[in-house]
Structure formats: structure tokens, C-alpha cells
>>> print(open('my_file_37.tsv').read())   # TSV, C-alpha atoms
chain	number	residue	atom	x	y	z
A	1	MET	CA	100.47	97.02	77.16
A	2	ASP	CA	99.83	100.63	78.17
A	3	ARG	CA	102.77	102.10	80.09
A	4	TRP	CA	100.52	103.28	82.91
A	5	ILE	CA	99.19	99.79	83.39
A	6	GLN	CA	102.76	98.53	83.61
A	7	LYS	CA	103.63	101.20	86.17
A	8	PHE	CA	100.51	100.42	88.18
A	9	LEU	CA	101.31	96.70	88.28
A	10	LEU	CA	104.86	97.50	89.37
A	11	TYR	CA	103.41	99.75	92.11
A	12	LEU	CA	101.20	96.89	93.31
A	13	ARG	CA	104.20	94.59	93.63
A	14	ALA	CA	106.70	97.05	95.07
A	15	GLU	CA	104.59	99.18	97.40
A	16	ARG	CA	101.46	97.13	98.10
A	17	ASN	CA	103.19	93.73	98.31
A	18	ALA	CA	100.48	92.26	96.09
A	19	SER	CA	100.66	88.54	95.38
A	20	ASP	CA	101.33	87.15	91.89
A	21	HIS	CA	97.70	86.01	91.77
A	22	THR	CA	96.45	89.55	92.50
A	23	VAL	CA	98.76	91.13	89.95
A	24	ARG	CA	97.61	88.65	87.27
A	25	ALA	CA	93.96	89.42	88.04
A	26	TYR	CA	94.55	93.19	87.85
A	27	LYS	CA	96.50	92.81	84.61
A	28	HIS	CA	93.69	90.74	83.08
A	29	ASP	CA	90.95	93.25	83.96
A	30	LEU	CA	92.94	96.32	82.91
A	31	THR	CA	93.95	94.70	79.62
A	32	ASP	CA	90.31	93.83	78.99
A	33	TYR	CA	89.31	97.47	79.54
A	34	GLY	CA	92.14	98.60	77.26
A	35	ARG	CA	90.82	96.30	74.50
A	36	PHE	CA	87.34	97.73	75.01
A	37	LEU	CA	88.65	101.28	74.59
A	38	GLY	CA	90.63	100.35	71.49
A	39	LYS	CA	87.55	98.81	69.90
A	40	LYS	CA	84.84	101.36	70.78
A	41	TYR	CA	86.79	104.53	71.62
A	42	PRO	CA	90.07	104.36	69.66
A	43	GLN	CA	90.54	108.11	70.07
A	44	LEU	CA	90.71	107.82	73.86
A	45	THR	CA	93.61	106.73	76.05
A	46	LEU	CA	93.20	105.23	79.51
A	47	GLU	CA	94.07	108.59	81.08
A	48	ARG	CA	91.37	110.41	79.08
A	49	SER	CA	88.59	107.95	79.89
A	50	HIS	CA	85.49	109.51	81.49
A	51	ARG	CA	82.32	108.51	83.32
A	52	LEU	CA	80.21	107.78	80.23
A	53	VAL	CA	82.87	105.44	78.87
A	54	ILE	CA	83.07	103.60	82.19
A	55	ARG	CA	79.28	103.27	82.20
A	56	ASP	CA	79.37	101.86	78.66
A	57	TYR	CA	82.02	99.35	79.73
A	58	LEU	CA	79.89	98.23	82.68
A	59	SER	CA	76.99	97.69	80.30
A	60	GLU	CA	79.18	95.49	78.14
A	61	LEU	CA	80.31	93.45	81.14
A	62	HIS	CA	76.68	92.83	82.08
A	63	SER	CA	75.86	91.89	78.49
A	64	ARG	CA	78.45	89.10	78.71
A	65	LYS	CA	76.31	87.46	81.43
A	66	LEU	CA	79.22	87.54	83.87
A	67	GLN	CA	78.73	86.84	87.56
A	68	ARG	CA	78.23	89.81	89.82
A	69	SER	CA	81.45	88.99	91.65
A	70	THR	CA	83.40	89.15	88.36
A	71	VAL	CA	81.89	92.52	87.46
A	72	ALA	CA	82.51	93.81	90.98
A	73	ARG	CA	86.17	92.79	90.75
A	74	ALA	CA	86.58	94.55	87.38
A	75	ILE	CA	85.11	97.73	88.88
A	76	ALA	CA	87.36	97.51	91.94
A	77	VAL	CA	90.42	97.11	89.70
A	78	LEU	CA	89.51	100.13	87.58
A	79	ARG	CA	88.77	102.27	90.63
A	80	ALA	CA	92.13	101.37	92.15
A	81	PHE	CA	93.87	102.12	88.84
A	82	TYR	CA	92.34	105.57	88.51
A	83	LYS	CA	93.08	106.38	92.15
A	84	TYR	CA	96.69	105.55	91.32
A	85	LEU	CA	96.61	107.90	88.31
A	86	MET	CA	95.29	110.65	90.60
A	87	ARG	CA	98.06	109.90	93.09
A	88	GLU	CA	100.60	110.27	90.27
A	89	GLU	CA	98.85	113.52	89.21
A	90	VAL	CA	98.17	112.13	85.74
A	91	ILE	CA	94.47	112.96	86.08
A	92	GLY	CA	92.67	115.48	88.27
A	93	GLN	CA	89.54	113.44	88.99
A	94	THR	CA	88.58	109.79	88.83
A	95	PRO	CA	85.88	108.94	86.22
A	96	PHE	CA	84.00	107.05	88.94
A	97	VAL	CA	82.84	110.25	90.67
A	98	GLY	CA	79.03	110.31	90.71
A	99	LEU	CA	78.77	106.90	89.07
A	100	PRO	CA	76.40	104.56	90.94
A	101	MET	CA	77.96	101.18	91.61
A	102	PRO	CA	76.06	97.87	91.29
A	103	LYS	CA	75.44	96.08	94.57
A	104	LYS	CA	77.59	93.07	95.28
A	105	GLU	CA	75.91	89.69	95.26
A	106	LYS	CA	75.55	88.33	98.78
A	107	ARG	CA	76.39	84.65	98.91
A	108	LEU	CA	77.08	82.44	101.88
A	109	PRO	CA	80.53	80.87	101.75
A	110	ARG	CA	80.55	77.20	100.76
A	111	PHE	CA	81.67	74.91	103.56
A	112	LEU	CA	81.63	71.25	104.54
A	113	ALA	CA	79.80	69.68	107.46
A	114	GLU	CA	82.15	68.37	110.15
A	115	ASP	CA	81.49	64.71	109.24
A	116	ASP	CA	82.16	65.34	105.54
A	117	MET	CA	85.37	67.19	106.36
A	118	ALA	CA	86.56	64.26	108.50
A	119	ARG	CA	85.76	61.84	105.66
A	120	LEU	CA	87.72	63.96	103.18
A	121	ILE	CA	90.79	64.30	105.41
A	122	GLU	CA	90.84	60.58	106.18
A	123	ALA	CA	90.50	59.56	102.51
A	124	PRO	CA	94.26	59.41	101.64
A	125	ALA	CA	94.91	56.90	104.44
A	126	LEU	CA	92.57	54.43	102.70
A	127	PHE	CA	94.85	54.37	99.64
A	128	HIS	CA	98.44	53.32	100.20
A	129	GLN	CA	100.10	55.56	97.63
A	130	LYS	CA	103.49	57.26	97.41
A	131	PHE	CA	102.20	60.68	98.47
A	132	THR	CA	99.65	59.56	101.07
A	133	LEU	CA	101.54	61.15	103.99
A	134	ARG	CA	102.02	64.43	102.12
A	135	ASP	CA	98.40	64.67	101.03
A	136	THR	CA	97.11	63.81	104.52
A	137	ALA	CA	99.34	66.48	106.05
A	138	LEU	CA	98.21	69.02	103.47
A	139	LEU	CA	94.49	68.38	104.06
A	140	GLU	CA	94.90	68.31	107.85
A	141	LEU	CA	96.87	71.55	107.94
A	142	LEU	CA	94.59	73.33	105.48
A	143	TYR	CA	91.56	72.63	107.68
A	144	SER	CA	93.28	72.99	111.04
A	145	SER	CA	94.76	76.42	110.30
A	146	GLY	CA	92.31	78.04	107.87
A	147	LEU	CA	95.20	79.15	105.65
A	148	ARG	CA	94.76	80.38	102.11
A	149	ILE	CA	96.14	77.92	99.58
A	150	GLN	CA	98.92	80.37	98.61
A	151	GLU	CA	99.91	80.74	102.26
A	152	LEU	CA	100.02	76.98	102.72
A	153	CYS	CA	102.24	76.42	99.68
A	154	GLN	CA	104.68	79.12	100.83
A	155	LEU	CA	105.21	77.49	104.23
A	156	ASN	CA	108.67	76.22	105.08
A	157	ALA	CA	109.32	73.35	107.47
A	158	GLU	CA	110.71	75.76	110.09
A	159	ASP	CA	107.45	77.76	110.06
A	160	VAL	CA	105.66	74.93	111.88
A	161	ASP	CA	106.53	74.86	115.59
A	162	PRO	CA	105.34	71.57	117.12
A	163	TRP	CA	106.21	72.69	120.66
A	164	SER	CA	104.02	75.78	120.69
A	165	GLY	CA	101.47	74.38	118.24
A	166	LEU	CA	101.74	77.51	116.10
A	167	VAL	CA	102.41	78.14	112.43
A	168	ARG	CA	104.08	81.33	111.24
A	169	VAL	CA	102.30	82.64	108.15
A	170	PHE	CA	103.03	85.47	105.75
A	171	GLY	CA	99.66	86.52	104.35
A	172	LYS	CA	98.41	89.26	102.06
A	173	GLY	CA	100.73	92.23	101.89
A	174	SER	CA	103.44	90.07	103.54
A	175	ARG	CA	101.73	90.57	106.90
A	176	GLU	CA	103.03	88.04	109.40
A	177	ARG	CA	100.72	86.23	111.81
A	178	LEU	CA	100.81	83.22	114.11
A	179	VAL	CA	98.04	80.64	113.74
A	180	PRO	CA	97.35	77.79	116.18
A	181	VAL	CA	97.26	74.28	114.74
A	182	GLY	CA	95.62	71.16	116.18
A	183	ASN	CA	97.38	67.99	117.28
A	184	SER	CA	96.04	65.93	114.36
A	185	ALA	CA	97.60	68.32	111.85
A	186	LEU	CA	100.89	68.53	113.77
A	187	LYS	CA	101.15	64.72	113.89
A	188	ALA	CA	100.39	64.46	110.16
A	189	VAL	CA	102.99	67.12	109.30
A	190	HIS	CA	105.57	65.41	111.54
A	191	ALA	CA	104.93	62.02	109.91
A	192	TYR	CA	105.30	63.56	106.45
A	193	ILE	CA	108.56	65.37	107.29
A	194	GLU	CA	109.99	62.23	108.90
A	195	SER	CA	109.19	60.24	105.75
A	196	ARG	CA	111.43	62.47	103.61
A	197	LYS	CA	114.42	62.62	105.96
A	198	THR	CA	116.63	60.64	103.65
A	199	ALA	CA	115.99	62.86	100.63
A	200	ASN	CA	115.72	66.36	102.12
A	201	PRO	CA	116.72	68.03	105.37
A	202	PRO	CA	113.48	68.04	107.40
A	203	THR	CA	114.17	71.20	109.39
A	204	HIS	CA	114.20	73.82	106.64
A	205	GLY	CA	113.09	74.47	103.07
A	206	PRO	CA	109.64	74.08	101.49
A	207	LEU	CA	107.20	72.17	103.67
A	208	PHE	CA	105.23	70.60	100.83
A	209	LEU	CA	107.09	69.16	97.85
A	210	ASN	CA	105.90	68.21	94.38
A	211	HIS	CA	106.81	65.08	92.39
A	212	HIS	CA	110.15	66.60	91.39
A	213	GLY	CA	111.21	67.58	94.91
A	214	GLY	CA	110.52	71.30	94.45
A	215	ARG	CA	108.03	73.50	96.25
A	216	LEU	CA	104.42	72.49	95.65
A	217	SER	CA	102.60	75.12	93.58
A	218	ASP	CA	99.12	76.53	94.18
A	219	ARG	CA	97.85	74.59	91.18
A	220	GLY	CA	99.43	71.39	92.43
A	221	ALA	CA	97.77	71.82	95.83
A	222	ARG	CA	94.42	72.49	94.18
A	223	ASN	CA	94.78	69.31	92.14
A	224	ILE	CA	95.50	67.33	95.30
A	225	VAL	CA	92.36	68.68	96.99
A	226	ALA	CA	90.26	67.98	93.88
A	227	ARG	CA	91.55	64.40	93.66
A	228	TRP	CA	90.64	63.56	97.25
A	229	VAL	CA	87.26	65.26	96.97
A	230	ARG	CA	86.52	62.82	94.16
A	231	GLN	CA	87.88	59.85	96.11
A	232	ALA	CA	85.78	60.78	99.15
A	233	SER	CA	82.69	60.84	96.90
A	234	LEU	CA	81.51	64.19	98.22
A	235	ARG	CA	78.43	65.46	96.44
A	236	GLN	CA	79.52	69.06	96.19
A	237	LYS	CA	82.38	70.80	94.45
A	238	ILE	CA	84.96	71.76	97.05
A	239	SER	CA	87.85	74.15	96.47
A	240	PRO	CA	90.80	74.69	98.83
A	241	HIS	CA	89.12	77.90	99.98
A	242	ALA	CA	86.18	75.83	101.25
A	243	PHE	CA	88.58	74.48	103.90
A	244	ARG	CA	89.06	78.07	105.08
A	245	HIS	CA	85.28	78.61	105.11
A	246	SER	CA	84.77	75.36	107.02
A	247	PHE	CA	87.51	76.26	109.51
A	248	ALA	CA	85.82	79.59	110.35
A	249	THR	CA	82.27	78.20	110.34
A	250	HIS	CA	83.06	75.27	112.63
A	251	LEU	CA	84.95	77.46	115.09
A	252	LEU	CA	82.09	79.95	115.32
A	253	ASN	CA	79.48	77.20	115.58
A	254	ARG	CA	81.39	75.77	118.54
A	255	GLY	CA	81.50	79.09	120.36
A	256	CYS	CA	84.78	80.72	119.27
A	257	ASP	CA	84.55	84.52	119.38
A	258	LEU	CA	84.59	86.54	116.16
A	259	ARG	CA	87.71	88.56	117.04
A	260	SER	CA	89.79	85.42	117.51
A	261	VAL	CA	88.60	84.00	114.18
A	262	GLN	CA	89.45	87.33	112.54
A	263	GLU	CA	92.98	87.14	113.94
A	264	MET	CA	93.49	83.55	112.79
A	265	LEU	CA	92.19	84.24	109.29
A	266	GLY	CA	94.35	87.35	108.96
A	267	HIS	CA	91.45	89.65	108.10
A	268	ARG	CA	92.07	93.36	108.47
A	269	ASN	CA	88.38	94.15	108.78
A	270	LEU	CA	85.96	92.42	111.14
A	271	VAL	CA	83.19	92.89	108.54
A	272	THR	CA	84.99	90.38	106.31
A	273	THR	CA	84.98	87.80	109.10
A	274	GLN	CA	81.28	88.38	109.76
A	275	THR	CA	80.59	86.65	106.45
A	276	TYR	CA	81.06	83.40	108.35
A	277	THR	CA	78.44	84.10	111.01
A	278	HIS	CA	75.80	82.21	109.04
A	279	VAL	CA	74.20	79.34	110.96
A	280	SER	CA	73.70	75.82	109.63
A	281	PRO	CA	70.23	74.26	110.05
A	282	GLU	CA	71.70	71.50	112.25
A	283	HIS	CA	73.31	74.03	114.58
A	284	LEU	CA	70.11	76.07	114.64
A	285	ARG	CA	68.08	73.04	115.74
A	286	LYS	CA	70.66	72.16	118.40
A	287	VAL	CA	70.64	75.68	119.84
A	288	TYR	CA	66.83	75.72	119.81
A	289	GLN	CA	66.62	72.41	121.68
A	290	GLN	CA	69.02	73.67	124.31
A	291	ALA	CA	67.59	77.15	124.74
A	292	HIS	CA	63.81	77.05	124.27
A	293	PRO	CA	61.91	76.33	127.51
A	294	ARG	CA	59.29	74.20	125.76
A	295	ALA	CA	61.52	72.51	123.18
>>> encode(input="my_file_37.tsv", output="C-alpha cells")
Amino acid sequence: MDRWIQKFLLYLRAERNASDHTVRAYKHDLTDYGRFLGKKYPQLTLERSHRLVIRDYLSELHSRKLQRSTVARAIAVLRAFYKYLMREEVIGQTPFVGLPMPKKEKRLPRFLAEDDMARLIEAPALFHQKFTLRDTALLELLYSSGLRIQELCQLNAEDVDPWSGLVRVFGKGSRERLVPVGNSALKAVHAYIESRKTANPPTHGPLFLNHHGGRLSDRGARNIVARWVRQASLRQKISPHAFRHSFATHLLNRGCDLRSVQEMLGHRNLVTTQTYTHVSPEHLRKVYQQAHPRA
């Protein structure tokens, strides 16, 4: 791997507090660009790359029939990398100067209707299995708090305060925030912690455990969600992030203000939160019936 890529990845971890997931994604995209250079422009190094080469690489990405979001991420990674090289005074100007960028694809976030979400969360209770209490607590908390799956898996038992109804979360960039949690989720978490009293101290350590008694991984949590989506016979593919989308959508549909949702989601920019201000057809009809004088 190019030494400047290694230094950049180290910078992301040490100074930007980037998550392992982010670092892996950046490494993948930068390595892919390095392979492209080695194949088509073997005489060039990453530092000597210029606008025409970047344009050629973008053409290749499009020729692979990749999604717009994938191409947009690759561009964002390269732009950040070359800004870093400028910061380190390795180059005098980024090769992205004057290069028109493709527009990002606008897609509404995928979310579940309230009834479907209730059916999914209640699914584990219908099957008396060893990890029913854990899985119920995980689904309840994921929906009740709007946490990212990585944030959920990093929670410790002491991060959940049943008296205040708040969860302490360390999000992107290790930014700390407090998120309110509903009674249903608190009861489910309490029942799960109580069930493992004999094996593990319930007041500290990882909140969610895997089959071996260690901290549940992101992949393990995703597998749990996927399993219960299948058991609930939902007709759409639901990822853990759809819980976050549903959390924000349902709050906004029920009148919660955008600033509060922004705070709970841990978004730096309100524009990011505005993605969730779409309106479902059911909500639209309800508002129309209530508001129109001749409805």
C-alpha cells in the first residue's frame, strides 16, 4: 500500500476519530484508485495525479454500472485524500479544482410503517428461544433511540440510565450525546440484563453479548435484525439503519420538531436531518382530512 495512503488512514484514526468502518471504506476506495493508476498510468504516483486522470477514473467507475452513491463516496474519499496531501504540503493544488462533480442521487430513506415496526419488535416473543430477551431488547432499543448499529453495539450496561430514561452514546468522531429512550425499550433492556445476572455483572460491561459471552459485533447485530425480519414475514428488505429512518420519520410525522430530531440522531448539519421530512401517503391523507375545510 502507498505510504501516503497509510499516513492518511492513520490521520483519520488519530485526528478525526474515524470509526473502523469508515477507515475500511476509505482504504478500499483509495486502494481501488491506486490499482487503476498502476494499470493505466504506471508512470504516475498518487501525488502526481491530475484532473484528466481523475476524470478518466470517474469514467471507469461509471462504466462498472455502480450506484451513484458508490461513485459519490469514491469521489468524496479522493477529495478528502488530496486535501490531506495539500495540508501536508505534498501537493500545491488538488486535482479536483475545476472538475465538475456528478449530482448525488436523491432517494428517500427506507422506513417501516408503525404497525410493521410493532410486528417486527414483537416477533421474538412469539418464539421461546435462548436469546429472545436479548433480541427483543436490541430491537426495542434500536427503534426507541434511533442509534446507529455501531453505536448500539458499543453500549455498556452503565450507559443506560433507567431513572432518567436516557442513554449515553458515543457517536461519530467520539462525540457524546444523550438520547431519550421509551419505557418499552427500558423494560426490555432491564429484563435482558436481569436474565444474565448469574453469568455476568449486570451493572457494567458490554450491554449486548454474543453466543460466547463477548460484546456483540455489528455483523452479529445485523444478523439478528435480518433473522427477525424474515420471521415477521415483512415484504421489504430491512437493514438496521431502517430502524433509524423509522425512528426519525415517525417522530416527525407525530409532530416532533426537526431540531430535536437532529439532536437525537447526532447530526451535525440540519440539512442531513431534513432528509427525513418526507411524508407518507397515510399521513398526508390524515393531515388533509383534518385541515381541509371541505374534506
>>> closest_residue(input="my_file_37.tsv", among="A:Val77, A:Val167, A:Ala25, A:Leu99", to="Val53 in chain A", atoms="only C-alpha atoms")
A:Leu99
>>> closest_atom_pairs(input="my_file_37.tsv", of="range 39-137 of chain A", to="range 180-201 of chain A", cutoff="6 Å", atoms="all atoms listed in the file", output="tab-separated table")
residue	atom	partner	partner_atom	distance
A:Leu133	CA	A:Tyr192	CA	5.1
A:Arg134	CA	A:Tyr192	CA	5.5
A:Ala137	CA	A:Ala188	CA	4.7
>>> closest_residue(input="my_file_37.tsv", among="A:Phe247, A:Phe111, A:Tyr143, A:Tyr26", to="Ile75 in chain A", atoms="only C-alpha atoms")
A:Tyr26
>>> closest_residue(input="my_file_37.tsv", among="A:Glu151, A:Arg51, A:Leu58, A:Lys7", to="Glu88 in chain A", atoms="only C-alpha atoms")
A:Lys7
>>> closest_atom_pairs(input="my_file_37.tsv", of="range 83-154 of chain A", to="range 258-273 of chain A", cutoff="9 Å", atoms="all atoms listed in the file", output="JSON lines")
{"residue": "A:Ser145", "atom": "CA", "partner": "A:Met264", "partner_atom": "CA", "distance": 7.7}
{"residue": "A:Gly146", "atom": "CA", "partner": "A:Leu265", "partner_atom": "CA", "distance": 6.4}
{"residue": "A:Leu147", "atom": "CA", "partner": "A:Leu265", "partner_atom": "CA", "distance": 6.9}
{"residue": "A:Arg148", "atom": "CA", "partner": "A:Leu265", "partner_atom": "CA", "distance": 8.5}
>>> atom_distance(input="my_file_37.tsv", atom1="CA of Asp56 in chain A", atom2="CA of Tyr33 in chain A")
10.9 Å
>>> closest_residue(input="my_file_37.tsv", among="A:Leu120, A:Leu252, A:Ala221, A:Leu78", to="Gln154 in chain A", atoms="all atoms listed in the file")
A:Ala221
>>> residues_near_point(input="my_file_37.tsv", point="(100.7, 103.1, 76.9)", cutoff="12 Å", atoms="all atoms listed in the file", output="list in words")
Met1, Asp2, Arg3, Trp4, Ile5, Gln6, Lys7, Phe8, Leu30, Thr31, Gly34, Gly38, Leu44, Thr45, Leu46 and Glu47 of chain A
>>> atom_distance(input="my_file_37.tsv", atom1="CA of Arg16 in chain A", atom2="CA of Met86 in chain A")
16.6 Å
>>> residues_near_point(input="my_file_37.tsv", point="(104.1, 64.2, 92.5)", cutoff="12 Å", atoms="only C-alpha atoms", output="ChimeraX atom specification")
/A:129-132,134-135,208-217,220-221,223-224
>>> residues_around(input="my_file_37.tsv", residues="range 227-242 of chain A", least_positions_apart="5", cutoff="8 Å", atoms="only C-alpha atoms", output="list of chain:residue names")
A:Pro109, A:Arg110, A:Phe111, A:Leu112, A:Asp116, A:Arg119, A:Leu120, A:Ala123, A:Pro124, A:Leu142, A:Arg148, A:Ile149, A:Arg222
>>> residues_around(input="my_file_37.tsv", residues="Leu166 in chain A", least_positions_apart="4", cutoff="8 Å", atoms="all atoms listed in the file", output="list of chain:residue names")
A:Val160, A:Asp161, A:Pro162, A:Leu178, A:Val179, A:Pro180, A:Val181
>>> write_last_selection(input="my_file_37.tsv", atoms="C-alpha atoms", output="PDB file, in the coordinates of the input")
ATOM      1  CA  VAL A 160     105.660  74.930 111.880  1.00  0.00           C
ATOM      2  CA  ASP A 161     106.530  74.860 115.590  1.00  0.00           C
ATOM      3  CA  PRO A 162     105.340  71.570 117.120  1.00  0.00           C
ATOM      4  CA  LEU A 178     100.810  83.220 114.110  1.00  0.00           C
ATOM      5  CA  VAL A 179      98.040  80.640 113.740  1.00  0.00           C
ATOM      6  CA  PRO A 180      97.350  77.790 116.180  1.00  0.00           C
ATOM      7  CA  VAL A 181      97.260  74.280 114.740  1.00  0.00           C
TER       8      VAL A 181
END
>>> atom_distance(input="my_file_37.tsv", atom1="CA of Ala18 in chain A", atom2="CA of Gly171 in chain A")
10.1 Å
>>> closest_residue(input="my_file_37.tsv", among="A:Ala113, A:Ile54, A:Leu207, A:Leu155", to="Thr249 in chain A", atoms="only C-alpha atoms")
A:Ala113
>>> closest_residue(input="my_file_37.tsv", among="A:Arg87, A:His62, A:Lys39, A:Arg73", to="Tyr11 in chain A", atoms="only C-alpha atoms")
A:Arg87
>>> build_atoms(input="my_file_37.tsv", residues="range 75-99 of chain A", atoms="N, CA, C and O atoms", output="PDB file, in the coordinates of the input")
ATOM      1  N   ILE A  75      85.329  96.348  88.435  1.00  0.00           N
ATOM      2  CA  ILE A  75      85.110  97.730  88.880  1.00  0.00           C
ATOM      3  C   ILE A  75      86.144  98.123  89.925  1.00  0.00           C
ATOM      4  O   ILE A  75      86.720  99.219  89.869  1.00  0.00           O
ATOM      5  N   ALA A  76      86.385  97.221  90.883  1.00  0.00           N
ATOM      6  CA  ALA A  76      87.360  97.510  91.940  1.00  0.00           C
ATOM      7  C   ALA A  76      88.748  97.741  91.364  1.00  0.00           C
ATOM      8  O   ALA A  76      89.482  98.636  91.809  1.00  0.00           O
ATOM      9  N   VAL A  77      89.106  96.965  90.345  1.00  0.00           N
ATOM     10  CA  VAL A  77      90.420  97.110  89.700  1.00  0.00           C
ATOM     11  C   VAL A  77      90.520  98.470  89.014  1.00  0.00           C
ATOM     12  O   VAL A  77      91.527  99.181  89.164  1.00  0.00           O
ATOM     13  N   LEU A  78      89.490  98.844  88.279  1.00  0.00           N
ATOM     14  CA  LEU A  78      89.510 100.130  87.580  1.00  0.00           C
ATOM     15  C   LEU A  78      89.548 101.303  88.564  1.00  0.00           C
ATOM     16  O   LEU A  78      90.259 102.285  88.351  1.00  0.00           O
ATOM     17  N   ARG A  79      88.773 101.198  89.628  1.00  0.00           N
ATOM     18  CA  ARG A  79      88.770 102.270  90.630  1.00  0.00           C
ATOM     19  C   ARG A  79      90.151 102.427  91.254  1.00  0.00           C
ATOM     20  O   ARG A  79      90.646 103.546  91.443  1.00  0.00           O
ATOM     21  N   ALA A  80      90.790 101.314  91.567  1.00  0.00           N
ATOM     22  CA  ALA A  80      92.130 101.370  92.150  1.00  0.00           C
ATOM     23  C   ALA A  80      93.131 101.960  91.154  1.00  0.00           C
ATOM     24  O   ALA A  80      94.010 102.746  91.533  1.00  0.00           O
ATOM     25  N   PHE A  81      92.964 101.604  89.876  1.00  0.00           N
ATOM     26  CA  PHE A  81      93.870 102.120  88.840  1.00  0.00           C
ATOM     27  C   PHE A  81      93.748 103.630  88.711  1.00  0.00           C
ATOM     28  O   PHE A  81      94.767 104.345  88.651  1.00  0.00           O
ATOM     29  N   TYR A  82      92.516 104.126  88.688  1.00  0.00           N
ATOM     30  CA  TYR A  82      92.340 105.570  88.510  1.00  0.00           C
ATOM     31  C   TYR A  82      92.702 106.352  89.777  1.00  0.00           C
ATOM     32  O   TYR A  82      93.120 107.517  89.697  1.00  0.00           O
ATOM     33  N   LYS A  83      92.581 105.740  90.931  1.00  0.00           N
ATOM     34  CA  LYS A  83      93.080 106.380  92.150  1.00  0.00           C
ATOM     35  C   LYS A  83      94.611 106.510  92.075  1.00  0.00           C
ATOM     36  O   LYS A  83      95.183 107.510  92.516  1.00  0.00           O
ATOM     37  N   TYR A  84      95.230 105.489  91.505  1.00  0.00           N
ATOM     38  CA  TYR A  84      96.690 105.550  91.320  1.00  0.00           C
ATOM     39  C   TYR A  84      97.070 106.670  90.367  1.00  0.00           C
ATOM     40  O   TYR A  84      98.028 107.411  90.615  1.00  0.00           O
ATOM     41  N   LEU A  85      96.322 106.816  89.263  1.00  0.00           N
ATOM     42  CA  LEU A  85      96.610 107.900  88.310  1.00  0.00           C
ATOM     43  C   LEU A  85      96.435 109.263  88.962  1.00  0.00           C
ATOM     44  O   LEU A  85      97.186 110.203  88.671  1.00  0.00           O
ATOM     45  N   MET A  86      95.450 109.393  89.853  1.00  0.00           N
ATOM     46  CA  MET A  86      95.290 110.650  90.600  1.00  0.00           C
ATOM     47  C   MET A  86      96.476 110.874  91.524  1.00  0.00           C
ATOM     48  O   MET A  86      96.986 111.996  91.644  1.00  0.00           O
ATOM     49  N   ARG A  87      96.905 109.814  92.177  1.00  0.00           N
ATOM     50  CA  ARG A  87      98.060 109.900  93.090  1.00  0.00           C
ATOM     51  C   ARG A  87      99.304 110.363  92.344  1.00  0.00           C
ATOM     52  O   ARG A  87     100.122 111.116  92.884  1.00  0.00           O
ATOM     53  N   GLU A  88      99.447 109.898  91.093  1.00  0.00           N
ATOM     54  CA  GLU A  88     100.600 110.270  90.270  1.00  0.00           C
ATOM     55  C   GLU A  88     100.372 111.606  89.547  1.00  0.00           C
ATOM     56  O   GLU A  88     101.222 112.017  88.745  1.00  0.00           O
ATOM     57  N   GLU A  89      99.213 112.226  89.805  1.00  0.00           N
ATOM     58  CA  GLU A  89      98.850 113.520  89.210  1.00  0.00           C
ATOM     59  C   GLU A  89      98.770 113.461  87.688  1.00  0.00           C
ATOM     60  O   GLU A  89      99.051 114.432  86.984  1.00  0.00           O
ATOM     61  N   VAL A  90      98.396 112.294  87.186  1.00  0.00           N
ATOM     62  CA  VAL A  90      98.170 112.130  85.740  1.00  0.00           C
ATOM     63  C   VAL A  90      96.796 112.660  85.381  1.00  0.00           C
ATOM     64  O   VAL A  90      96.590 113.232  84.304  1.00  0.00           O
ATOM     65  N   ILE A  91      95.826 112.454  86.267  1.00  0.00           N
ATOM     66  CA  ILE A  91      94.470 112.960  86.080  1.00  0.00           C
ATOM     67  C   ILE A  91      94.076 113.764  87.323  1.00  0.00           C
ATOM     68  O   ILE A  91      94.651 113.580  88.398  1.00  0.00           O
ATOM     69  N   GLY A  92      93.107 114.649  87.144  1.00  0.00           N
ATOM     70  CA  GLY A  92      92.670 115.480  88.270  1.00  0.00           C
ATOM     71  C   GLY A  92      91.500 114.900  89.019  1.00  0.00           C
ATOM     72  O   GLY A  92      91.264 115.239  90.192  1.00  0.00           O
ATOM     73  N   GLN A  93      90.734 114.004  88.347  1.00  0.00           N
ATOM     74  CA  GLN A  93      89.540 113.440  88.990  1.00  0.00           C
ATOM     75  C   GLN A  93      89.273 112.054  88.418  1.00  0.00           C
ATOM     76  O   GLN A  93      89.426 111.816  87.216  1.00  0.00           O
ATOM     77  N   THR A  94      88.886 111.134  89.288  1.00  0.00           N
ATOM     78  CA  THR A  94      88.580 109.790  88.830  1.00  0.00           C
ATOM     79  C   THR A  94      87.255 109.770  88.065  1.00  0.00           C
ATOM     80  O   THR A  94      86.314 110.478  88.455  1.00  0.00           O
ATOM     81  N   PRO A  95      87.144 108.997  86.990  1.00  0.00           N
ATOM     82  CA  PRO A  95      85.880 108.940  86.220  1.00  0.00           C
ATOM     83  C   PRO A  95      84.753 108.242  86.975  1.00  0.00           C
ATOM     84  O   PRO A  95      83.627 108.188  86.476  1.00  0.00           O
ATOM     85  N   PHE A  96      85.033 107.741  88.163  1.00  0.00           N
ATOM     86  CA  PHE A  96      84.000 107.050  88.940  1.00  0.00           C
ATOM     87  C   PHE A  96      83.192 108.005  89.824  1.00  0.00           C
ATOM     88  O   PHE A  96      82.233 107.576  90.461  1.00  0.00           O
ATOM     89  N   VAL A  97      83.575 109.277  89.857  1.00  0.00           N
ATOM     90  CA  VAL A  97      82.840 110.250  90.670  1.00  0.00           C
ATOM     91  C   VAL A  97      81.403 110.377  90.166  1.00  0.00           C
ATOM     92  O   VAL A  97      81.163 110.618  88.979  1.00  0.00           O
ATOM     93  N   GLY A  98      80.441 110.176  91.072  1.00  0.00           N
ATOM     94  CA  GLY A  98      79.030 110.310  90.710  1.00  0.00           C
ATOM     95  C   GLY A  98      78.461 109.137  89.968  1.00  0.00           C
ATOM     96  O   GLY A  98      77.315 109.184  89.512  1.00  0.00           O
ATOM     97  N   LEU A  99      79.242 108.074  89.812  1.00  0.00           N
ATOM     98  CA  LEU A  99      78.770 106.900  89.070  1.00  0.00           C
ATOM     99  C   LEU A  99      78.245 105.865  90.058  1.00  0.00           C
ATOM    100  O   LEU A  99      78.996 105.363  90.897  1.00  0.00           O
TER     101      LEU A  99
END
